[in-house]
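Q: Mind having a look at this structure? Questions to follow.
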Amino acid sequence: MMTAVVLIHGTGVREPAFSALAGRMAAGLTGLRDGLRVVPFYWGGTFGATLAAGGASLPPESGTSRGPGGEPGFPGPGDDLALWGVLYADPYAELDLAAAAAGPAVERPPGSVPPEERFRARLAALAARGDAPAAVLGPGLARAAGDLAAHPALGPAAAALPPDELAELAARSLAARIVADALDADSPLVPVGADRDTVTARLAESLGAPPRGTERGVRSLLLRTAGHAASRAVLRRRRALTEAAHPAAGDVLRYLSRGAPVRAALRDLVAGLEAPVVLVGHSLGGIIALDTLIGAPLPAVRLLVTAGSQGPFLYESGSLPSLEHPEPLPPYLPDWLNLYDPRDLLGYRAAALFPGRATDLAVDSGQPFPAAHSAYWTNPEVYRHIVDRLP
């Protein structure tokens with residue numbers, strides 16, 4: 001008996017990002033269990049939101065907005081998560097603070113090499129290695145290293161900081177730049193915090209920091225001046241997350257107003273599969289799967305898995321198209337596993353609303369919001385939970 005696992009993506013996902021997401025999810029599941037048939041359901045190309053008039057409804061940009069770190073939901077380094085949240089908003093925030101703290105320039109002896117020139121040479125050597133040293137975070141290391149080497153604050157920061165502290169600061173800046181670029185591109189694959197920290201440590205050593213050995217700790221200027229940094233931070237991706245013109249928000253609005261065709265397409269797909277079938281939906285994909293299963297029985301579906309999904313919130317707020325609170329789930333709905341990261345502000349719990357019908361499991365990506373919302377599918381814990389429940 002071969003289990004068919006239907007993968008249903010979330011908001012804003014389009015090709016080629018969908019193929020990358022489907023490949024990563026398929027590898028994560030089949031690597032833990034044989035005999036799985038993974039069936040991608042790409043609804044974004046046909047049913048996703050588009051701007052029919054080329055964005056004529058958009059107001060002009062009013063400036064760059066930046067945001068704080070996520071809400072801590074697990075015990076652990078909450079300050080570190082706040083630090084990364086600020087760095088995702090502005091990868092050069094620490095560099096600028098270090099430069100601002102530098103004293104007046106002093107005249108150097110003839111023939112001496114300024115400290116920033118030695119550091120620029122290390123950055124150039126790192127850039128020459130391409131993106132490979134940080135490949136797990138995504139593309140862009142070489143570009144990030146080149147941009148950091150050319151940043152006007154590098155000279156004053158190099159004069160103000162010891163070389164090993166500058167190396168660690170620069171490594172955090174490079175890692176944050178790669179992740180921030182992925183967030184700006186709405187990548188559905190954001191690395192978990194552990195991978196980010198491992199790469200950051202490697203980059204720091206490449207730039208002259210001593211090997212970890214004993215934990216060096218995060219000697220961050222941002223954490224020393226947390227109040228100042230936080231006061232300057234607002235949500236970097238406000239437009240992407242809240243304006244209807246963006247595919248992520250537009251997909252939600254389009255689905256809630258005209259969702260019947262995508263539900264019909266999912267039903268048709270499932271009708272062509274042999275039991276047992278499992279539906280795995282991320283974000284809006286989880287809402288689509290839940291709505292489809294509530295609408296009418298699909299006997300072949302034996303398990304529903306949602307991750308970072310807003311279905312429970314829509315139900316409680318009276319916005320779920322297929323079921324109005326306090327109506328119960330229909331008896332034919334299969335077992336429901338709902339995964340959420342407490343730091344993902346777009347992930348909600350279901351068990352309290354549907355006692356005995358839904359099971360909530362918290363997972364920890366080690367990322368602040370909004371990165372936590374896209375880090376489910378790089379988290380091995382997520383795949384283990386799913387495989388443990390497969391029929």
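Residue numbers start at 1 in each chain; chains themselves are named A, B, ... in the order of the structure tokens; ligands are numbered from 1 in the order shown.
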Please provide as a PyMOL selection string all residues within 6 Å of region 344-355 of chain A, with the sequence filter that same-chain residues fewer than 3 positions apart are discarded (counting only C-alpha atoms).
A: chain A and resi 308-310+312+340-341+358-360+369+372-373
Q: Store the residues of this selection in a file with C-alpha atoms, as a short mmCIF file (atom, residue, chain, number, x, y, z; two decimals), in the first residue's frame.
A:
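And here is the file that came out, again.cif:
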```cif
data_model
loop_
_atom_site.label_atom_id
_atom_site.label_comp_id
_atom_site.auth_asym_id
_atom_site.auth_seq_id
_atom_site.Cartn_x
_atom_site.Cartn_y
_atom_site.Cartn_z
CA GLY A 308 1.58 27.66 10.22
CA SER A 309 -2.06 27.86 9.22
CA GLN A 310 -4.75 30.41 10.00
CA PRO A 312 -8.45 27.91 13.44
CA TYR A 340 2.66 25.69 14.75
CA ASP A 341 5.74 27.63 15.85
CA ALA A 358 -7.43 18.13 16.20
CA THR A 359 -3.98 17.66 17.71
CA ASP A 360 -1.64 20.65 18.13
CA PHE A 369 8.78 36.27 12.87
CA ALA A 372 9.49 31.55 11.44
CA HIS A 373 6.51 31.39 9.07
#
```
Q: Might you pull out every residue within 10 Å of region 376-389 of chain A, with only C-alpha atoms counted and same-chain residues fewer than 3 positions away left off, and present them as a VMD selection string?
A: chain A and resid 21 to 22 24 to 33 136 188 to 195 278 280 282 303 to 308 335 to 341 344 361 to 366 371 to 373
Q: Kindly export the residues of the current selection with C-alpha atoms, as a PDB file, in the first residue's frame.
A:
```pdb
ATOM      1  CA  LEU A  21       9.549  23.930  -1.970  1.00  0.00           C
ATOM      2  CA  ALA A  22       7.970  20.742  -3.332  1.00  0.00           C
ATOM      3  CA  ARG A  24      12.491  19.994  -0.301  1.00  0.00           C
ATOM      4  CA  MET A  25       9.254  18.718   1.242  1.00  0.00           C
ATOM      5  CA  ALA A  26       9.367  15.523  -0.809  1.00  0.00           C
ATOM      6  CA  ALA A  27      12.969  14.879   0.219  1.00  0.00           C
ATOM      7  CA  GLY A  28      12.143  15.505   3.875  1.00  0.00           C
ATOM      8  CA  LEU A  29       9.279  12.999   3.868  1.00  0.00           C
ATOM      9  CA  THR A  30      10.686  10.247   1.647  1.00  0.00           C
ATOM     10  CA  GLY A  31      13.993  10.408   3.498  1.00  0.00           C
ATOM     11  CA  LEU A  32      12.177   9.175   6.601  1.00  0.00           C
ATOM     12  CA  ARG A  33       9.774   6.680   5.061  1.00  0.00           C
ATOM     13  CA  VAL A 136      22.338  26.295   3.415  1.00  0.00           C
ATOM     14  CA  PRO A 188       9.063  29.594   1.150  1.00  0.00           C
ATOM     15  CA  LEU A 189      12.325  28.082   2.408  1.00  0.00           C
ATOM     16  CA  VAL A 190      13.988  30.018   5.235  1.00  0.00           C
ATOM     17  CA  PRO A 191      16.685  28.170   7.214  1.00  0.00           C
ATOM     18  CA  VAL A 192      16.176  27.286  10.856  1.00  0.00           C
ATOM     19  CA  GLY A 193      18.114  29.189  13.491  1.00  0.00           C
ATOM     20  CA  ALA A 194      20.556  26.356  14.180  1.00  0.00           C
ATOM     21  CA  ASP A 195      21.727  26.333  10.545  1.00  0.00           C
ATOM     22  CA  VAL A 278      -2.721  12.663   3.234  1.00  0.00           C
ATOM     23  CA  VAL A 280      -0.305  18.590   3.924  1.00  0.00           C
ATOM     24  CA  HIS A 282       1.129  25.303   4.737  1.00  0.00           C
ATOM     25  CA  LEU A 303      -4.966  12.505   7.584  1.00  0.00           C
ATOM     26  CA  LEU A 304      -4.919  16.303   7.405  1.00  0.00           C
ATOM     27  CA  VAL A 305      -1.680  18.104   8.315  1.00  0.00           C
ATOM     28  CA  THR A 306      -1.558  21.884   8.610  1.00  0.00           C
ATOM     29  CA  ALA A 307       1.532  23.967   9.403  1.00  0.00           C
ATOM     30  CA  GLY A 308       1.583  27.664  10.220  1.00  0.00           C
ATOM     31  CA  ASP A 335      -7.515  13.037  11.897  1.00  0.00           C
ATOM     32  CA  TRP A 336      -6.015  16.513  11.982  1.00  0.00           C
ATOM     33  CA  LEU A 337      -2.411  17.273  12.978  1.00  0.00           C
ATOM     34  CA  ASN A 338      -1.820  21.012  13.375  1.00  0.00           C
ATOM     35  CA  LEU A 339       1.820  22.169  13.623  1.00  0.00           C
ATOM     36  CA  TYR A 340       2.664  25.686  14.755  1.00  0.00           C
ATOM     37  CA  ASP A 341       5.737  27.630  15.846  1.00  0.00           C
ATOM     38  CA  ASP A 344       5.105  32.378  13.972  1.00  0.00           C
ATOM     39  CA  LEU A 361       2.132  20.212  18.170  1.00  0.00           C
ATOM     40  CA  ALA A 362       4.521  23.122  18.729  1.00  0.00           C
ATOM     41  CA  VAL A 363       7.753  23.147  16.732  1.00  0.00           C
ATOM     42  CA  ASP A 364      10.736  25.450  17.121  1.00  0.00           C
ATOM     43  CA  SER A 365      12.603  26.753  14.089  1.00  0.00           C
ATOM     44  CA  GLY A 366      14.838  29.059  16.125  1.00  0.00           C
ATOM     45  CA  ALA A 371      11.172  34.121   9.144  1.00  0.00           C
ATOM     46  CA  ALA A 372       9.493  31.555  11.437  1.00  0.00           C
ATOM     47  CA  HIS A 373       6.510  31.392   9.073  1.00  0.00           C
TER      48      HIS A 373
END
```
Q: Just checking: using only C-alpha atoms, which residue out of A:His325, A:Ser374, A:Pro162, A:Ala265 ends up closest to Ala102 (chain A)?
A: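 Answer, going by the shortest atom-to-atom distance: A:Pro162.
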Q: Just the residues within 7 Å of Gly311 (chain A), please, counting only C-alpha atoms, with nothing from its chain fewer than 4 positions along; format it as a list in words.
A: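 These residues fall inside the cut-off: Gly286, Ile287, Tyr315 and Leu320 of chain A.
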Q: Any idea what the distance is between CA of Ala300 (chain A) and CA of Gly10 (chain A)?
A: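 Pair CA of Ala300 (chain A) / CA of Gly10 (chain A) returns 22.8 Å.
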Q: Give me, as a PyMOL selection string, all polymer residues having an atom no more than 12 Å from Ala157 (chain A), counting only C-alpha atoms and skipping those fewer than 5 positions away in the same chain.
A: chain A and resi 92-105+114-116+119+148-149+151-152+162-163+165-167+169-170+221
Q: Please save N, CA, C and O atoms of the selected residues as a tab-separated table (two decimals), in the first residue's frame.
A:
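Final file, selection12.tsv:
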```tsv
chain	number	residue	atom	x	y	z
A	92	TYR	N	23.00	45.97	8.33
A	92	TYR	CA	24.13	46.83	8.69
A	92	TYR	C	23.91	47.59	9.99
A	92	TYR	O	24.67	48.51	10.31
A	93	ALA	N	22.89	47.21	10.76
A	93	ALA	CA	22.56	47.96	11.97
A	93	ALA	C	23.72	47.96	12.96
A	93	ALA	O	24.07	49.01	13.54
A	94	GLU	N	24.34	46.79	13.18
A	94	GLU	CA	25.47	46.73	14.12
A	94	GLU	C	26.66	47.51	13.58
A	94	GLU	O	27.37	48.19	14.34
A	95	LEU	N	26.91	47.40	12.29
A	95	LEU	CA	28.04	48.12	11.69
A	95	LEU	C	27.88	49.62	11.87
A	95	LEU	O	28.83	50.33	12.23
A	96	ASP	N	26.67	50.12	11.65
A	96	ASP	CA	26.43	51.55	11.82
A	96	ASP	C	26.62	51.99	13.26
A	96	ASP	O	27.17	53.08	13.52
A	97	LEU	N	26.17	51.16	14.21
A	97	LEU	CA	26.36	51.51	15.62
A	97	LEU	C	27.83	51.54	15.99
A	97	LEU	O	28.28	52.41	16.74
A	98	ALA	N	28.59	50.56	15.49
A	98	ALA	CA	30.03	50.54	15.78
A	98	ALA	C	30.72	51.76	15.19
A	98	ALA	O	31.58	52.38	15.84
A	99	ALA	N	30.34	52.13	13.97
A	99	ALA	CA	30.95	53.30	13.35
A	99	ALA	C	30.60	54.57	14.12
A	99	ALA	O	31.45	55.46	14.28
A	100	ALA	N	29.36	54.65	14.61
A	100	ALA	CA	28.96	55.83	15.36
A	100	ALA	C	29.72	55.96	16.68
A	100	ALA	O	29.91	57.07	17.19
A	101	ALA	N	30.15	54.81	17.21
A	101	ALA	CA	30.88	54.83	18.49
A	101	ALA	C	32.36	55.08	18.32
A	101	ALA	O	33.08	55.24	19.30
A	102	ALA	N	32.84	55.10	17.08
A	102	ALA	CA	34.27	55.29	16.85
A	102	ALA	C	34.69	56.71	17.19
A	102	ALA	O	33.94	57.67	17.02
A	103	GLY	N	35.91	56.84	17.68
A	103	GLY	CA	36.44	58.15	17.99
A	103	GLY	C	36.90	58.87	16.73
A	103	GLY	O	36.78	58.35	15.61
A	104	PRO	N	37.45	60.08	16.90
A	104	PRO	CA	37.94	60.81	15.73
A	104	PRO	C	39.10	60.06	15.07
A	104	PRO	O	39.85	59.34	15.71
A	105	ALA	N	39.20	60.21	13.76
A	105	ALA	CA	40.27	59.55	13.01
A	105	ALA	C	41.64	60.06	13.47
A	105	ALA	O	41.81	61.25	13.77
A	114	PRO	N	45.71	50.38	7.03
A	114	PRO	CA	44.51	50.59	7.86
A	114	PRO	C	43.83	49.25	8.16
A	114	PRO	O	43.83	48.34	7.32
A	115	PRO	N	43.26	49.09	9.34
A	115	PRO	CA	42.66	47.81	9.70
A	115	PRO	C	41.54	47.40	8.75
A	115	PRO	O	41.33	46.21	8.50
A	116	GLU	N	40.81	48.39	8.19
A	116	GLU	CA	39.72	48.01	7.29
A	116	GLU	C	40.23	47.40	6.00
A	116	GLU	O	39.55	46.58	5.37
A	119	PHE	N	40.80	43.82	6.59
A	119	PHE	CA	39.50	43.14	6.68
A	119	PHE	C	38.84	43.04	5.31
A	119	PHE	O	38.20	42.03	4.98
A	148	LEU	N	29.40	44.51	1.75
A	148	LEU	CA	29.91	44.85	3.08
A	148	LEU	C	31.29	45.48	2.98
A	148	LEU	O	31.59	46.45	3.69
A	149	ALA	N	32.13	44.95	2.08
A	149	ALA	CA	33.47	45.51	1.92
A	149	ALA	C	33.42	46.96	1.46
A	149	ALA	O	34.31	47.76	1.79
A	151	HIS	N	30.97	49.10	2.17
A	151	HIS	CA	30.11	49.92	3.02
A	151	HIS	C	30.93	51.03	3.69
A	151	HIS	O	32.00	50.76	4.24
A	152	PRO	N	30.45	52.26	3.66
A	152	PRO	CA	31.25	53.37	4.23
A	152	PRO	C	31.47	53.27	5.73
A	152	PRO	O	32.39	53.91	6.27
A	162	PRO	N	37.85	45.47	18.24
A	162	PRO	CA	38.91	44.48	18.10
A	162	PRO	C	38.63	43.61	16.88
A	162	PRO	O	37.48	43.41	16.50
A	163	PRO	N	39.68	43.06	16.26
A	163	PRO	CA	39.48	42.28	15.03
A	163	PRO	C	38.53	41.11	15.17
A	163	PRO	O	37.72	40.86	14.27
A	165	GLU	N	35.99	40.79	17.28
A	165	GLU	CA	34.61	41.27	17.41
A	165	GLU	C	34.08	41.79	16.09
A	165	GLU	O	32.91	41.59	15.74
A	166	LEU	N	34.96	42.45	15.31
A	166	LEU	CA	34.55	42.89	13.98
A	166	LEU	C	34.21	41.70	13.10
A	166	LEU	O	33.24	41.74	12.33
A	167	ALA	N	34.98	40.61	13.22
A	167	ALA	CA	34.72	39.42	12.42
A	167	ALA	C	33.35	38.82	12.75
A	167	ALA	O	32.60	38.42	11.85
A	169	LEU	N	30.77	40.44	14.13
A	169	LEU	CA	29.75	41.39	13.68
A	169	LEU	C	29.52	41.25	12.18
A	169	LEU	O	28.38	41.21	11.71
A	170	ALA	N	30.61	41.15	11.41
A	170	ALA	CA	30.49	41.04	9.96
A	170	ALA	C	29.81	39.73	9.57
A	170	ALA	O	29.02	39.69	8.62
A	221	LEU	N	26.56	44.91	19.74
A	221	LEU	CA	26.26	46.30	20.07
A	221	LEU	C	24.76	46.54	20.12
A	221	LEU	O	24.28	47.38	20.88
```
